[in-house]
Structures are given as C-alpha cells and as structure tokens.
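**Student:** final.cif is the file, holding mmCIF, C-alpha atoms:
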```cif
data_protein
loop_
_atom_site.label_atom_id
_atom_site.label_comp_id
_atom_site.auth_asym_id
_atom_site.auth_seq_id
_atom_site.Cartn_x
_atom_site.Cartn_y
_atom_site.Cartn_z
CA MET D 358 141.06 113.94 152.34
CA ASN D 359 140.62 110.82 150.33
CA ASP D 360 137.90 109.25 152.42
CA ASN D 361 135.59 108.73 149.51
CA ARG D 362 138.04 107.25 147.10
CA ILE D 363 136.99 104.05 145.43
CA VAL D 364 139.35 101.24 146.31
CA MET D 365 140.06 99.35 143.13
CA PRO D 366 141.06 95.71 143.33
CA THR D 367 144.77 95.40 142.74
CA ALA D 368 145.67 92.27 140.84
CA SER D 369 149.07 90.75 141.42
CA TYR D 370 148.96 89.17 137.98
CA ALA D 371 147.38 90.68 134.90
CA VAL D 372 147.45 90.48 131.11
CA THR D 373 145.70 93.31 129.35
CA THR D 374 145.49 95.44 126.22
CA ASP D 375 145.25 98.54 128.44
CA THR D 376 148.18 100.83 129.24
CA LEU D 377 150.18 99.44 132.18
CA ASN D 378 150.38 101.38 135.42
CA LEU D 379 153.26 100.83 137.84
CA GLU D 380 151.32 102.29 140.76
CA ALA D 381 148.86 99.42 140.47
CA LEU D 382 151.66 96.89 140.88
CA ILE D 383 153.16 98.75 143.85
CA GLU D 384 149.71 98.82 145.43
CA ALA D 385 149.41 95.08 144.85
CA VAL D 386 152.70 94.28 146.61
CA THR D 387 152.21 96.67 149.54
CA SER D 388 148.50 96.41 150.35
CA THR D 389 147.81 94.29 153.42
CA PRO D 390 147.02 90.78 152.30
CA PRO D 391 144.10 89.13 154.11
CA ASP D 392 146.24 86.29 155.43
CA THR D 393 149.02 88.43 156.92
CA ALA D 394 150.11 87.33 160.37
CA VAL D 395 149.93 90.11 162.96
CA ALA D 396 153.69 90.02 163.48
CA ALA D 397 154.59 89.91 159.75
CA VAL D 398 157.45 92.22 158.82
CA GLY D 399 156.42 94.85 156.29
CA PRO D 400 158.35 95.89 153.21
CA GLY D 401 161.61 97.80 153.49
CA GLY D 402 162.05 98.21 149.78
CA ILE D 403 160.28 97.81 146.47
CA THR D 404 162.05 97.14 143.20
CA SER D 405 160.42 97.38 139.82
CA PHE D 406 161.20 96.53 136.23
CA VAL D 407 159.52 98.16 133.24
CA GLY D 408 160.17 96.65 129.83
CA VAL D 409 159.56 99.05 126.94
CA VAL D 410 159.40 98.66 123.17
CA ARG D 411 162.82 99.43 121.68
CA ASN D 412 163.24 101.19 118.32
CA GLU D 413 165.84 98.69 117.09
CA ASN D 414 166.21 94.92 116.99
CA ALA D 415 168.96 92.88 115.33
CA GLY D 416 169.90 95.83 113.13
CA ARG D 417 166.31 96.50 112.06
CA ARG D 418 164.52 99.79 112.62
CA VAL D 419 161.42 98.73 114.54
CA LEU D 420 158.17 100.58 113.79
CA HIS D 421 155.89 98.91 116.32
CA LEU D 422 155.18 95.55 117.96
CA GLU D 423 152.04 93.47 118.19
CA TYR D 424 151.93 91.15 121.20
CA GLU D 425 149.84 88.00 121.15
CA GLY D 426 149.28 85.72 124.14
CA TYR D 427 147.44 82.59 125.24
CA GLU D 428 145.81 84.45 128.08
CA PRO D 429 144.64 81.72 130.48
CA LEU D 430 148.04 80.05 130.30
CA VAL D 431 149.81 83.40 130.63
CA LEU D 432 148.10 83.91 133.99
CA ARG D 433 148.94 80.40 135.16
CA ALA D 434 152.57 80.92 134.14
CA PHE D 435 152.61 84.25 136.02
CA GLU D 436 151.30 82.53 139.16
CA ARG D 437 153.89 79.81 138.79
CA ILE D 438 156.73 82.32 138.41
CA GLY D 439 155.47 84.38 141.35
CA THR D 440 155.33 81.29 143.54
CA GLU D 441 158.84 80.27 142.47
CA ALA D 442 160.12 83.74 143.45
CA ALA D 443 158.29 83.79 146.78
CA ASP D 444 159.56 80.30 147.62
CA ARG D 445 163.15 81.45 147.12
CA TRP D 446 163.13 85.03 148.39
CA ASP D 447 161.21 86.92 151.07
CA VAL D 448 159.08 88.88 148.59
CA ARG D 449 155.63 89.79 147.46
CA VAL D 450 155.50 90.25 143.70
CA ALA D 451 153.27 91.58 140.95
CA LEU D 452 153.56 90.98 137.23
CA HIS D 453 151.53 92.63 134.46
CA HIS D 454 151.99 92.19 130.71
CA ARG D 455 150.38 94.08 127.88
CA LEU D 456 149.06 92.57 124.63
CA GLY D 457 148.02 94.15 121.34
CA THR D 458 149.70 96.92 119.37
CA LEU D 459 152.46 98.82 121.18
CA GLN D 460 154.39 101.80 119.91
CA ILE D 461 158.08 102.50 120.50
CA GLY D 462 158.70 103.47 124.12
CA GLU D 463 155.46 102.01 125.47
CA ALA D 464 155.66 99.62 128.41
CA SER D 465 155.07 95.97 127.53
CA VAL D 466 155.77 94.43 130.92
CA MET D 467 155.93 95.63 134.53
CA ILE D 468 157.20 93.78 137.59
CA ALA D 469 157.25 94.86 141.22
CA ALA D 470 158.82 93.06 144.18
CA ALA D 471 158.50 94.18 147.79
CA SER D 472 160.66 92.75 150.54
CA PRO D 473 161.87 93.60 154.04
CA HIS D 474 165.35 93.53 152.47
CA ARG D 475 166.52 95.10 149.22
CA ALA D 476 168.68 92.16 148.10
CA ASP D 477 165.64 89.90 147.92
CA ALA D 478 163.59 92.52 146.07
CA PHE D 479 166.29 93.07 143.43
CA ALA D 480 166.92 89.35 142.94
CA ALA D 481 163.24 88.46 142.63
CA CYS D 482 162.58 91.21 140.10
CA ARG D 483 165.45 90.05 137.89
CA TYR D 484 164.45 86.40 138.26
CA ILE D 485 160.89 87.13 137.21
CA ILE D 486 161.78 88.87 133.94
CA GLU D 487 164.13 86.01 133.03
CA ARG D 488 161.37 83.48 133.68
CA VAL D 489 158.86 85.54 131.69
CA LYS D 490 161.16 85.22 128.70
CA GLN D 491 161.51 81.47 129.28
CA ILE D 492 158.01 80.17 129.90
CA VAL D 493 155.23 82.74 129.40
CA PRO D 494 153.18 82.06 126.22
CA ILE D 495 153.42 85.55 124.71
CA TRP D 496 154.84 86.37 121.27
CA LYS D 497 156.14 89.57 119.68
CA HIS D 498 155.20 90.27 116.08
CA GLU D 499 157.77 92.82 115.01
CA PHE D 500 156.94 95.33 112.29
CA PHE D 501 160.11 96.95 111.00
CA GLU D 502 161.16 99.07 108.06
CA GLY D 503 160.88 96.65 105.17
CA GLY D 504 158.81 93.83 106.64
CA ASP D 505 157.55 91.95 109.66
CA VAL D 506 158.66 88.89 111.61
CA TRP D 507 157.48 86.79 114.54
CA ILE D 508 160.16 86.80 117.21
CA GLU D 509 160.86 83.32 118.57
CA GLY D 510 162.92 82.93 121.72
CA ALA D 511 162.82 80.01 124.12
CA THR D 512 160.93 76.74 123.83
CA ALA D 513 158.62 77.04 126.82
CA ASP D 514 159.11 74.24 129.35
CA PRO D 515 158.27 75.14 132.95
CA ASP D 516 159.77 71.86 134.16
CA ASP D 517 163.17 72.50 132.55
CA ASP D 518 165.30 72.86 135.66
CA THR D 519 168.36 73.99 133.70
CA ALA D 520 166.46 77.06 132.50
CA ARG D 521 165.22 77.78 136.02
CA GLN D 522 168.75 77.48 137.43
CA ASP D 523 169.95 79.89 134.73
CA ALA D 524 167.36 82.42 135.88
CA ILE D 525 168.42 81.97 139.53
CA ARG D 526 172.07 82.46 138.60
CA VAL D 527 171.36 85.60 136.57
CA ALA D 528 169.33 86.92 139.51
CA GLY D 529 172.34 86.47 141.77
CA GLY D 530 171.06 83.44 143.66
CA MET F 1446 136.75 62.07 119.35
CA HIS F 1447 136.68 65.82 118.80
CA VAL F 1448 139.45 68.11 119.91
CA ASN F 1449 139.82 71.86 119.68
CA VAL F 1450 143.22 72.95 118.43
CA ARG F 1451 144.69 76.37 119.24
CA LEU F 1452 147.63 77.78 117.29
CA PHE F 1453 149.59 80.95 118.02
CA ALA F 1454 151.96 83.43 116.38
CA ARG F 1455 153.65 82.00 113.28
CA LEU F 1456 151.84 78.66 113.64
CA LYS F 1457 148.58 80.56 113.31
CA ASP F 1458 149.85 82.33 110.20
CA ILE F 1459 150.89 79.03 108.61
CA ALA F 1460 147.50 77.41 109.23
CA GLY F 1461 145.60 80.59 108.40
CA THR F 1462 143.59 80.31 111.63
CA GLY F 1463 144.18 80.11 115.36
CA GLU F 1464 141.36 77.68 116.10
CA LEU F 1465 140.61 74.38 114.40
CA ALA F 1466 138.24 71.55 115.25
CA ARG F 1467 139.76 68.15 114.47
CA GLN F 1468 139.01 64.46 114.93
CA ALA F 1469 141.42 62.22 116.80
CA PRO F 1470 141.34 58.41 117.08
CA PRO F 1471 140.89 56.63 120.42
CA GLY F 1472 144.19 56.51 122.30
CA ALA F 1473 145.46 59.63 120.55
CA THR F 1474 148.14 61.79 122.14
CA ALA F 1475 148.94 65.44 121.56
CA ARG F 1476 151.56 64.20 119.09
CA THR F 1477 148.87 62.39 117.07
CA VAL F 1478 147.06 65.67 116.69
CA TRP F 1479 150.26 67.53 115.81
CA ASP F 1480 151.13 64.92 113.13
CA THR F 1481 147.68 65.39 111.60
CA LEU F 1482 148.32 69.14 111.38
CA VAL F 1483 151.78 68.66 109.86
CA ASN F 1484 150.22 66.51 107.13
CA GLU F 1485 147.81 69.31 106.44
CA PHE F 1486 150.22 72.25 106.75
CA ALA F 1487 153.71 71.07 105.74
CA GLN F 1488 155.48 74.23 107.01
CA LEU F 1489 154.55 73.29 110.56
CA ARG F 1490 157.21 70.58 110.35
CA ASP F 1491 159.86 73.31 110.91
CA TYR F 1492 158.53 73.55 114.47
CA GLU F 1493 158.74 69.82 115.23
CA ALA F 1494 161.65 70.24 117.65
CA SER F 1495 160.75 73.57 119.19
CA ILE F 1496 157.03 73.59 120.00
CA SER F 1497 155.49 73.32 123.43
CA VAL F 1498 152.03 71.91 124.04
CA ALA F 1499 149.29 72.82 126.49
CA VAL F 1500 146.22 70.70 127.15
CA ASN F 1501 143.18 72.43 128.62
CA GLU F 1502 145.20 75.56 129.44
CA GLU F 1503 148.00 73.74 131.29
CA TYR F 1504 151.47 72.96 129.99
CA SER F 1505 151.64 69.30 129.02
CA ARG F 1506 153.71 66.84 127.00
CA MET F 1507 153.39 65.57 123.45
CA ASP F 1508 153.05 61.95 124.62
CA VAL F 1509 150.15 62.64 126.97
CA ALA F 1510 146.87 60.92 126.07
CA ILE F 1511 144.07 63.30 125.22
CA ALA F 1512 140.32 63.07 125.73
CA ASP F 1513 137.19 64.03 123.83
CA GLY F 1514 136.61 67.78 124.01
CA ASP F 1515 140.18 68.68 125.04
CA GLU F 1516 141.72 71.96 123.97
CA ILE F 1517 145.18 71.27 122.55
CA ALA F 1518 147.37 74.36 122.12
CA PHE F 1519 150.61 74.26 120.17
CA LEU F 1520 153.03 77.02 121.11
CA PRO F 1521 156.07 78.16 119.10
CA PRO F 1522 159.10 79.43 121.08
CA VAL F 1523 157.95 82.32 123.25
CA SER F 1524 159.14 85.93 123.10
CA GLY F 1525 157.35 87.89 125.81
CA GLY F 1526 158.81 90.70 127.86
#
```
Go ahead and render the structure in this file as structure tokens.
**Tutor:**
Amino acid sequence: MNDNRIVMPTASYAVTTDTLNLEALIEAVTSTPPDTAVAAVGPGGITSFVGVVRNENAGRRVLHLEYEGYEPLVLRAFERIGTEAADRWDVRVALHHRLGTLQIGEASVMIAAASPHRADAFAACRYIIERVKQIVPIWKHEFFEGGDVWIEGATADPDDDTARQDAIRVAGG
Amino acid sequence: MHVNVRLFARLKDIAGTGELARQAPPGATARTVWDTLVNEFAQLRDYEASISVAVNEEYSRMDVAIADGDEIAFLPPVSGG
C-alpha cells in the first residue's frame, strides 16, 4: 500500500524551529540501525516524554516563551546525554528540542526511549529530561502579563558528577 | 590575537549583541576574555560565578588557554526543557 512512500531520514537528535513530531522520534528509536547485530533483541517498549509550554510560572501568567539555543553545542550535549543513557540502560533514544517562539501548550521538547524492557525505557526517558535541564545550552525567555524575564536554571557543567548522579537517582537508578 | 565572542540570553541583552570580535593578548585564557567583557559591560559581573564557557563549540574551562581565531561562548545558567 505504501510502497512508494518517501523514507525520510529520522534523526535521533534535533534542534529546530519547526513543530515537533513524536512519530519521528519513535521512528528514530525503532528503525533498524545499520550496525545491528543479527541476534540483537528488538524493543519491547517505548517510553516518551513531551514537555509543553505551561500557562503559569512562579505565580506569573505566562503569555508565550521564546527559546534560544547555541545550536552546535546543543547537538553535542544531546549526543553526550544519549550516550550516557545508552551506557547505563539497554536503550535506544531520541531527543528533539524546539527553538523560537512557542505558544502555551506547544511542545518544546520530545524524548523517546526504546528498550527490550520497560524499566530501562522509563528510567532513560526520565534521566534524559533531567540532563537536558542540567547541561543543554538552551534558554527560555518568558513573556508574562506585565513583563518578560530570562529564566536561569543550572550552571551547565557536563563534568559535574554530582549533577549526573542526581539525574540517575531521580531516574530510579 | 583575534577571538570571536558569542553571548546568549541575558548576557546578549546586557552587551546588546550576541557576537563580538575582540583582541586577546598572547597567553590569554577564556577568563582573560571574560574580564575584558566585564570591564566593558559592568552588569556581566553578576554572572561571574554562574557562567559556563565553550571554546569552538565544546564545553571548556575558564582557565584554558585560547588561540587565534577561537570562538569563545559564554553561557548563563541554562533553562531548556
């Protein structure tokens, strides 16, 4: 039926001003990778996380957000986080983040993790969002009723092992 | 030597631009470049303890020696997700 469909490349890691699409991430974590061993065990479960723009922050009524990022370093940080997750759990992961102007309810970040076992998929997904908040060079400029403010969270330090251990603990090991 | 400085988020607002070309003396580190910027834009001093630095699109350290043509990015605390 779909013999003529165009197979689009599915990037595991992406930063884009386009609308995010969860199907693209699921495709990325379930498509057969070129280096798969013949006997490799396929996925038994896929978990996903979708972060969306909330209408409230710290008591302020949020109107919209503008995301800025240092794109080449964002992608390197994504690769680093994905490798950290795959070194710890039996997972394949995908991570996409949106930049630019986002309205309330729009998806800013999507994560997918596929694993033969659900526990690994859940843990990796949670770990990845925690690490995004720790070390990915992206910033939210919040426009709220009455003003605007740059949101500043964590000082980014990929080599800070305390932060990484925190993310592992939150993910449930 | 010449270096290209990148600033983001509030740092960019303080400096009024996200890209600056600056001179650095031989033996300069990322901190040398940062100190030059703080002299120029006093409000940047608020970020002294909380910035991260990237050199040529890789996370680095303030005490790392830099070279002619390097891109030095100063990053305020991040807030992605």
**Student:** Using only C-alpha atoms, what table do you get, as JSON lines, when you list each residue of chain D with an atom no more than 8 Å from chain F, its nearest pair of atoms, and their distance in Å rounded to one decimal, rows by chain then rising number?
**Tutor:**
```
{"residue": "D:Gly408", "atom": "CA", "partner": "F:Gly1526", "partner_atom": "CA", "distance": 6.4}
{"residue": "D:Tyr424", "atom": "CA", "partner": "F:Gly1525", "partner_atom": "CA", "distance": 7.8}
{"residue": "D:Glu425", "atom": "CA", "partner": "F:Ala1454", "partner_atom": "CA", "distance": 6.9}
{"residue": "D:Gly426", "atom": "CA", "partner": "F:Phe1453", "partner_atom": "CA", "distance": 7.8}
{"residue": "D:Tyr427", "atom": "CA", "partner": "F:Phe1453", "partner_atom": "CA", "distance": 7.7}
{"residue": "D:Pro429", "atom": "CA", "partner": "F:Glu1502", "partner_atom": "CA", "distance": 6.3}
{"residue": "D:Leu430", "atom": "CA", "partner": "F:Glu1502", "partner_atom": "CA", "distance": 5.4}
{"residue": "D:Arg433", "atom": "CA", "partner": "F:Glu1503", "partner_atom": "CA", "distance": 7.8}
{"residue": "D:His454", "atom": "CA", "partner": "F:Gly1526", "partner_atom": "CA", "distance": 7.5}
{"residue": "D:Ser465", "atom": "CA", "partner": "F:Gly1526", "partner_atom": "CA", "distance": 6.5}
{"residue": "D:Val466", "atom": "CA", "partner": "F:Gly1526", "partner_atom": "CA", "distance": 5.7}
{"residue": "D:Ile486", "atom": "CA", "partner": "F:Gly1526", "partner_atom": "CA", "distance": 7.0}
{"residue": "D:Val489", "atom": "CA", "partner": "F:Gly1526", "partner_atom": "CA", "distance": 6.4}
{"residue": "D:Lys490", "atom": "CA", "partner": "F:Gly1525", "partner_atom": "CA", "distance": 5.5}
{"residue": "D:Gln491", "atom": "CA", "partner": "F:Val1523", "partner_atom": "CA", "distance": 7.1}
{"residue": "D:Ile492", "atom": "CA", "partner": "F:Val1523", "partner_atom": "CA", "distance": 7.0}
{"residue": "D:Val493", "atom": "CA", "partner": "F:Gly1525", "partner_atom": "CA", "distance": 6.6}
{"residue": "D:Pro494", "atom": "CA", "partner": "F:Val1523", "partner_atom": "CA", "distance": 5.6}
{"residue": "D:Ile495", "atom": "CA", "partner": "F:Gly1525", "partner_atom": "CA", "distance": 4.7}
{"residue": "D:Trp496", "atom": "CA", "partner": "F:Ser1524", "partner_atom": "CA", "distance": 4.7}
{"residue": "D:Lys497", "atom": "CA", "partner": "F:Ser1524", "partner_atom": "CA", "distance": 5.8}
{"residue": "D:His498", "atom": "CA", "partner": "F:Ala1454", "partner_atom": "CA", "distance": 7.6}
{"residue": "D:Trp507", "atom": "CA", "partner": "F:Arg1455", "partner_atom": "CA", "distance": 6.3}
{"residue": "D:Ile508", "atom": "CA", "partner": "F:Ser1524", "partner_atom": "CA", "distance": 6.0}
{"residue": "D:Glu509", "atom": "CA", "partner": "F:Pro1522", "partner_atom": "CA", "distance": 5.0}
{"residue": "D:Gly510", "atom": "CA", "partner": "F:Ser1524", "partner_atom": "CA", "distance": 5.0}
{"residue": "D:Ala511", "atom": "CA", "partner": "F:Pro1522", "partner_atom": "CA", "distance": 4.8}
{"residue": "D:Thr512", "atom": "CA", "partner": "F:Pro1522", "partner_atom": "CA", "distance": 4.3}
{"residue": "D:Ala513", "atom": "CA", "partner": "F:Ser1497", "partner_atom": "CA", "distance": 5.9}
{"residue": "D:Asp514", "atom": "CA", "partner": "F:Ser1497", "partner_atom": "CA", "distance": 7.0}
{"residue": "D:Pro515", "atom": "CA", "partner": "F:Tyr1504", "partner_atom": "CA", "distance": 7.7}
```
**Student:** How big is the axis-aligned box around the listed atoms of segment 509-519 of chain D once 4 Å is added on each side, and where is its centre? Give both in Å to one decimal, as JSON.
**Tutor:**
```
{"center_x": 163.3, "center_y": 77.6, "center_z": 127.1, "size_x": 18.1, "size_y": 19.5, "size_z": 25.1}
```
**Student:** Just want the 8 Å neighbourhood of segment 1471-1480 of chain F, counted on all atoms listed in the file, with same-chain residues fewer than 4 positions away dropped. Output as a PDB file with C-alpha atoms, in the coordinates of the input.
**Tutor:**
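out_33.pdb, written as the output of this step:
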```
ATOM      1  CA  MET F1446     136.750  62.070 119.350  1.00  0.00           C
ATOM      2  CA  ASN F1484     150.220  66.510 107.130  1.00  0.00           C
ATOM      3  CA  VAL F1498     152.030  71.910 124.040  1.00  0.00           C
ATOM      4  CA  ARG F1506     153.710  66.840 127.000  1.00  0.00           C
ATOM      5  CA  MET F1507     153.390  65.570 123.450  1.00  0.00           C
ATOM      6  CA  ASP F1508     153.050  61.950 124.620  1.00  0.00           C
ATOM      7  CA  VAL F1509     150.150  62.640 126.970  1.00  0.00           C
ATOM      8  CA  ALA F1510     146.870  60.920 126.070  1.00  0.00           C
ATOM      9  CA  ILE F1511     144.070  63.300 125.220  1.00  0.00           C
ATOM     10  CA  ILE F1517     145.180  71.270 122.550  1.00  0.00           C
TER      11      ILE F1517
END
```
**Student:** Grab the atom CA of Gly462 of chain D to atom CA of Thr376 of chain D distance for me, in Å with one decimal place.
**Tutor:** 12.0 Å
**Student:** Interatomic distance between atom CA of Glu499 of chain D and atom CA of Ala381 of chain D?
**Tutor:**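 Between atom CA of Glu499 of chain D and atom CA of Ala381 of chain D the gap is 27.8 Å.
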**Student:** Between atom CA of Ser472 of chain D and atom CA of Gly399 of chain D, what is the spacing in Å?
**Tutor:**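 Rounded to one decimal, the two atoms are 7.4 Å apart.
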**Student:** Could you tell me which of F:Val1500, F:Leu1489, F:Ala1466, F:Val1448 comes closest to Asp1513 of chain F if we count only C-alpha atoms?
**Tutor:** F:Val1448
**Student:** Running the PyMOL selection byres ((chain D and resi 458) around 7) on this model by hand, what would come out? Give it as a list in words.
**Tutor:**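 With the PyMOL selection byres ((chain D and resi 458) around 7) on this model, the match is Leu422, Glu423, Tyr424, Leu456, Gly457, Leu459 and Gln460 of chain D.
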**Student:** Under the PyMOL selection byres ((chain D and resi 445) around 12), which residues of this model are included? Write them out as a PDB file with C-alpha atoms, keeping the file's coordinate frame.
**Tutor:**
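Output (result29.pdb):
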```pdb
ATOM      1  CA  ILE D 438     156.730  82.320 138.410  1.00  0.00           C
ATOM      2  CA  GLY D 439     155.470  84.380 141.350  1.00  0.00           C
ATOM      3  CA  THR D 440     155.330  81.290 143.540  1.00  0.00           C
ATOM      4  CA  GLU D 441     158.840  80.270 142.470  1.00  0.00           C
ATOM      5  CA  ALA D 442     160.120  83.740 143.450  1.00  0.00           C
ATOM      6  CA  ALA D 443     158.290  83.790 146.780  1.00  0.00           C
ATOM      7  CA  ASP D 444     159.560  80.300 147.620  1.00  0.00           C
ATOM      8  CA  TRP D 446     163.130  85.030 148.390  1.00  0.00           C
ATOM      9  CA  ASP D 447     161.210  86.920 151.070  1.00  0.00           C
ATOM     10  CA  VAL D 448     159.080  88.880 148.590  1.00  0.00           C
ATOM     11  CA  ARG D 449     155.630  89.790 147.460  1.00  0.00           C
ATOM     12  CA  ASP D 477     165.640  89.900 147.920  1.00  0.00           C
ATOM     13  CA  ALA D 478     163.590  92.520 146.070  1.00  0.00           C
ATOM     14  CA  ALA D 480     166.920  89.350 142.940  1.00  0.00           C
ATOM     15  CA  ALA D 481     163.240  88.460 142.630  1.00  0.00           C
ATOM     16  CA  TYR D 484     164.450  86.400 138.260  1.00  0.00           C
ATOM     17  CA  ILE D 485     160.890  87.130 137.210  1.00  0.00           C
ATOM     18  CA  ARG D 521     165.220  77.780 136.020  1.00  0.00           C
ATOM     19  CA  GLN D 522     168.750  77.480 137.430  1.00  0.00           C
ATOM     20  CA  ILE D 525     168.420  81.970 139.530  1.00  0.00           C
ATOM     21  CA  ALA D 528     169.330  86.920 139.510  1.00  0.00           C
ATOM     22  CA  GLY D 529     172.340  86.470 141.770  1.00  0.00           C
ATOM     23  CA  GLY D 530     171.060  83.440 143.660  1.00  0.00           C
TER      24      GLY D 530
END
```
**Student:** Given the point (155.0, 76.1, 106.1) in the file's coordinates, find the residues that have an atom at most 10 Å from it, counting all atoms listed in the file, and give them as a PyMOL selection string.
**Tutor:** chain F and resi 1455-1456+1458-1460+1483+1485-1492
**Student:** Counting only C-alpha atoms, which of F:Gln1468, F:Thr1481, F:Lys1457, F:Gly1463 gets nearest to Gly1514 of chain F?
**Tutor:**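 Among the listed residues, the smallest separation from Gly1514 of chain F belongs to F:Gln1468.
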**Student:** Could you extract chain F of the given structure into a file holding C-alpha atoms, as a PDB file, in the first residue's frame?
**Tutor:**
```pdb
ATOM      1  CA  MET F1446      45.162  37.600  18.533  1.00  0.00           C
ATOM      2  CA  HIS F1447      41.546  37.810  17.411  1.00  0.00           C
ATOM      3  CA  VAL F1448      38.765  35.881  19.061  1.00  0.00           C
ATOM      4  CA  ASN F1449      35.075  35.690  18.285  1.00  0.00           C
ATOM      5  CA  VAL F1450      32.888  36.003  21.354  1.00  0.00           C
ATOM      6  CA  ARG F1451      29.367  34.578  21.498  1.00  0.00           C
ATOM      7  CA  LEU F1452      26.891  35.653  24.171  1.00  0.00           C
ATOM      8  CA  PHE F1453      23.450  34.201  24.874  1.00  0.00           C
ATOM      9  CA  ALA F1454      20.180  35.017  26.626  1.00  0.00           C
ATOM     10  CA  ARG F1455      20.563  37.760  29.245  1.00  0.00           C
ATOM     11  CA  LEU F1456      24.297  38.133  28.530  1.00  0.00           C
ATOM     12  CA  LYS F1457      23.370  39.031  24.972  1.00  0.00           C
ATOM     13  CA  ASP F1458      20.852  41.589  26.206  1.00  0.00           C
ATOM     14  CA  ILE F1459      23.434  43.188  28.509  1.00  0.00           C
ATOM     15  CA  ALA F1460      26.027  43.525  25.743  1.00  0.00           C
ATOM     16  CA  GLY F1461      23.427  44.488  23.143  1.00  0.00           C
ATOM     17  CA  THR F1462      24.764  41.848  20.736  1.00  0.00           C
ATOM     18  CA  GLY F1463      25.370  38.114  20.617  1.00  0.00           C
ATOM     19  CA  GLU F1464      28.576  38.275  18.600  1.00  0.00           C
ATOM     20  CA  LEU F1465      31.647  40.389  19.263  1.00  0.00           C
ATOM     21  CA  ALA F1466      35.132  40.370  17.779  1.00  0.00           C
ATOM     22  CA  ARG F1467      37.801  41.081  20.398  1.00  0.00           C
ATOM     23  CA  GLN F1468      41.570  41.138  20.752  1.00  0.00           C
ATOM     24  CA  ALA F1469      43.304  38.970  23.333  1.00  0.00           C
ATOM     25  CA  PRO F1470      46.969  39.060  24.383  1.00  0.00           C
ATOM     26  CA  PRO F1471      49.303  36.083  23.871  1.00  0.00           C
ATOM     27  CA  GLY F1472      48.770  33.507  26.613  1.00  0.00           C
ATOM     28  CA  ALA F1473      45.190  34.626  27.169  1.00  0.00           C
ATOM     29  CA  THR F1474      42.638  32.270  28.673  1.00  0.00           C
ATOM     30  CA  ALA F1475      38.865  32.319  28.402  1.00  0.00           C
ATOM     31  CA  ARG F1476      38.912  34.209  31.701  1.00  0.00           C
ATOM     32  CA  THR F1477      41.074  36.953  30.156  1.00  0.00           C
ATOM     33  CA  VAL F1478      38.415  37.456  27.524  1.00  0.00           C
ATOM     34  CA  TRP F1479      35.616  37.397  30.101  1.00  0.00           C
ATOM     35  CA  ASP F1480      37.418  40.015  32.242  1.00  0.00           C
ATOM     36  CA  THR F1481      37.711  42.259  29.182  1.00  0.00           C
ATOM     37  CA  LEU F1482      33.954  41.989  28.656  1.00  0.00           C
ATOM     38  CA  VAL F1483      33.191  42.696  32.319  1.00  0.00           C
ATOM     39  CA  ASN F1484      35.241  45.903  32.065  1.00  0.00           C
ATOM     40  CA  GLU F1485      33.167  46.873  29.087  1.00  0.00           C
ATOM     41  CA  PHE F1486      29.746  45.753  30.358  1.00  0.00           C
ATOM     42  CA  ALA F1487      29.714  46.022  34.165  1.00  0.00           C
ATOM     43  CA  GLN F1488      26.427  44.100  34.581  1.00  0.00           C
ATOM     44  CA  LEU F1489      28.126  40.965  33.319  1.00  0.00           C
ATOM     45  CA  ARG F1490      29.901  40.791  36.681  1.00  0.00           C
ATOM     46  CA  ASP F1491      26.662  39.388  38.182  1.00  0.00           C
ATOM     47  CA  TYR F1492      27.365  36.226  36.185  1.00  0.00           C
ATOM     48  CA  GLU F1493      30.950  35.774  37.387  1.00  0.00           C
ATOM     49  CA  ALA F1494      30.108  32.714  39.497  1.00  0.00           C
ATOM     50  CA  SER F1495      27.447  31.140  37.318  1.00  0.00           C
ATOM     51  CA  ILE F1496      28.617  31.214  33.692  1.00  0.00           C
ATOM     52  CA  SER F1497      29.844  28.276  31.675  1.00  0.00           C
ATOM     53  CA  VAL F1498      32.249  28.618  28.776  1.00  0.00           C
ATOM     54  CA  ALA F1499      32.547  26.802  25.471  1.00  0.00           C
ATOM     55  CA  VAL F1500      35.530  27.062  23.146  1.00  0.00           C
ATOM     56  CA  ASN F1501      34.980  26.190  19.494  1.00  0.00           C
ATOM     57  CA  GLU F1502      31.576  24.654  20.238  1.00  0.00           C
ATOM     58  CA  GLU F1503      32.787  22.369  23.047  1.00  0.00           C
ATOM     59  CA  TYR F1504      32.345  22.891  26.775  1.00  0.00           C
ATOM     60  CA  SER F1505      35.604  24.118  28.262  1.00  0.00           C
ATOM     61  CA  ARG F1506      37.036  25.816  31.343  1.00  0.00           C
ATOM     62  CA  MET F1507      37.777  29.440  32.129  1.00  0.00           C
ATOM     63  CA  ASP F1508      41.470  28.711  32.712  1.00  0.00           C
ATOM     64  CA  VAL F1509      42.012  27.045  29.338  1.00  0.00           C
ATOM     65  CA  ALA F1510      44.432  28.836  27.002  1.00  0.00           C
ATOM     66  CA  ILE F1511      42.836  30.105  23.816  1.00  0.00           C
ATOM     67  CA  ALA F1512      44.200  30.501  20.301  1.00  0.00           C
ATOM     68  CA  ASP F1513      43.879  32.983  17.464  1.00  0.00           C
ATOM     69  CA  GLY F1514      40.529  32.609  15.725  1.00  0.00           C
ATOM     70  CA  ASP F1515      38.827  30.696  18.561  1.00  0.00           C
ATOM     71  CA  GLU F1516      35.117  31.078  19.185  1.00  0.00           C
ATOM     72  CA  ILE F1517      34.567  31.713  22.898  1.00  0.00           C
ATOM     73  CA  ALA F1518      30.952  31.347  24.055  1.00  0.00           C
ATOM     74  CA  PHE F1519      29.823  32.482  27.484  1.00  0.00           C
ATOM     75  CA  LEU F1520      26.672  30.762  28.690  1.00  0.00           C
ATOM     76  CA  PRO F1521      24.423  31.899  31.554  1.00  0.00           C
ATOM     77  CA  PRO F1522      22.673  29.167  33.592  1.00  0.00           C
ATOM     78  CA  VAL F1523      20.600  27.072  31.208  1.00  0.00           C
ATOM     79  CA  SER F1524      16.820  26.618  31.216  1.00  0.00           C
ATOM     80  CA  GLY F1525      15.891  24.236  28.418  1.00  0.00           C
ATOM     81  CA  GLY F1526      13.142  21.662  28.501  1.00  0.00           C
TER      82      GLY F1526
END
```
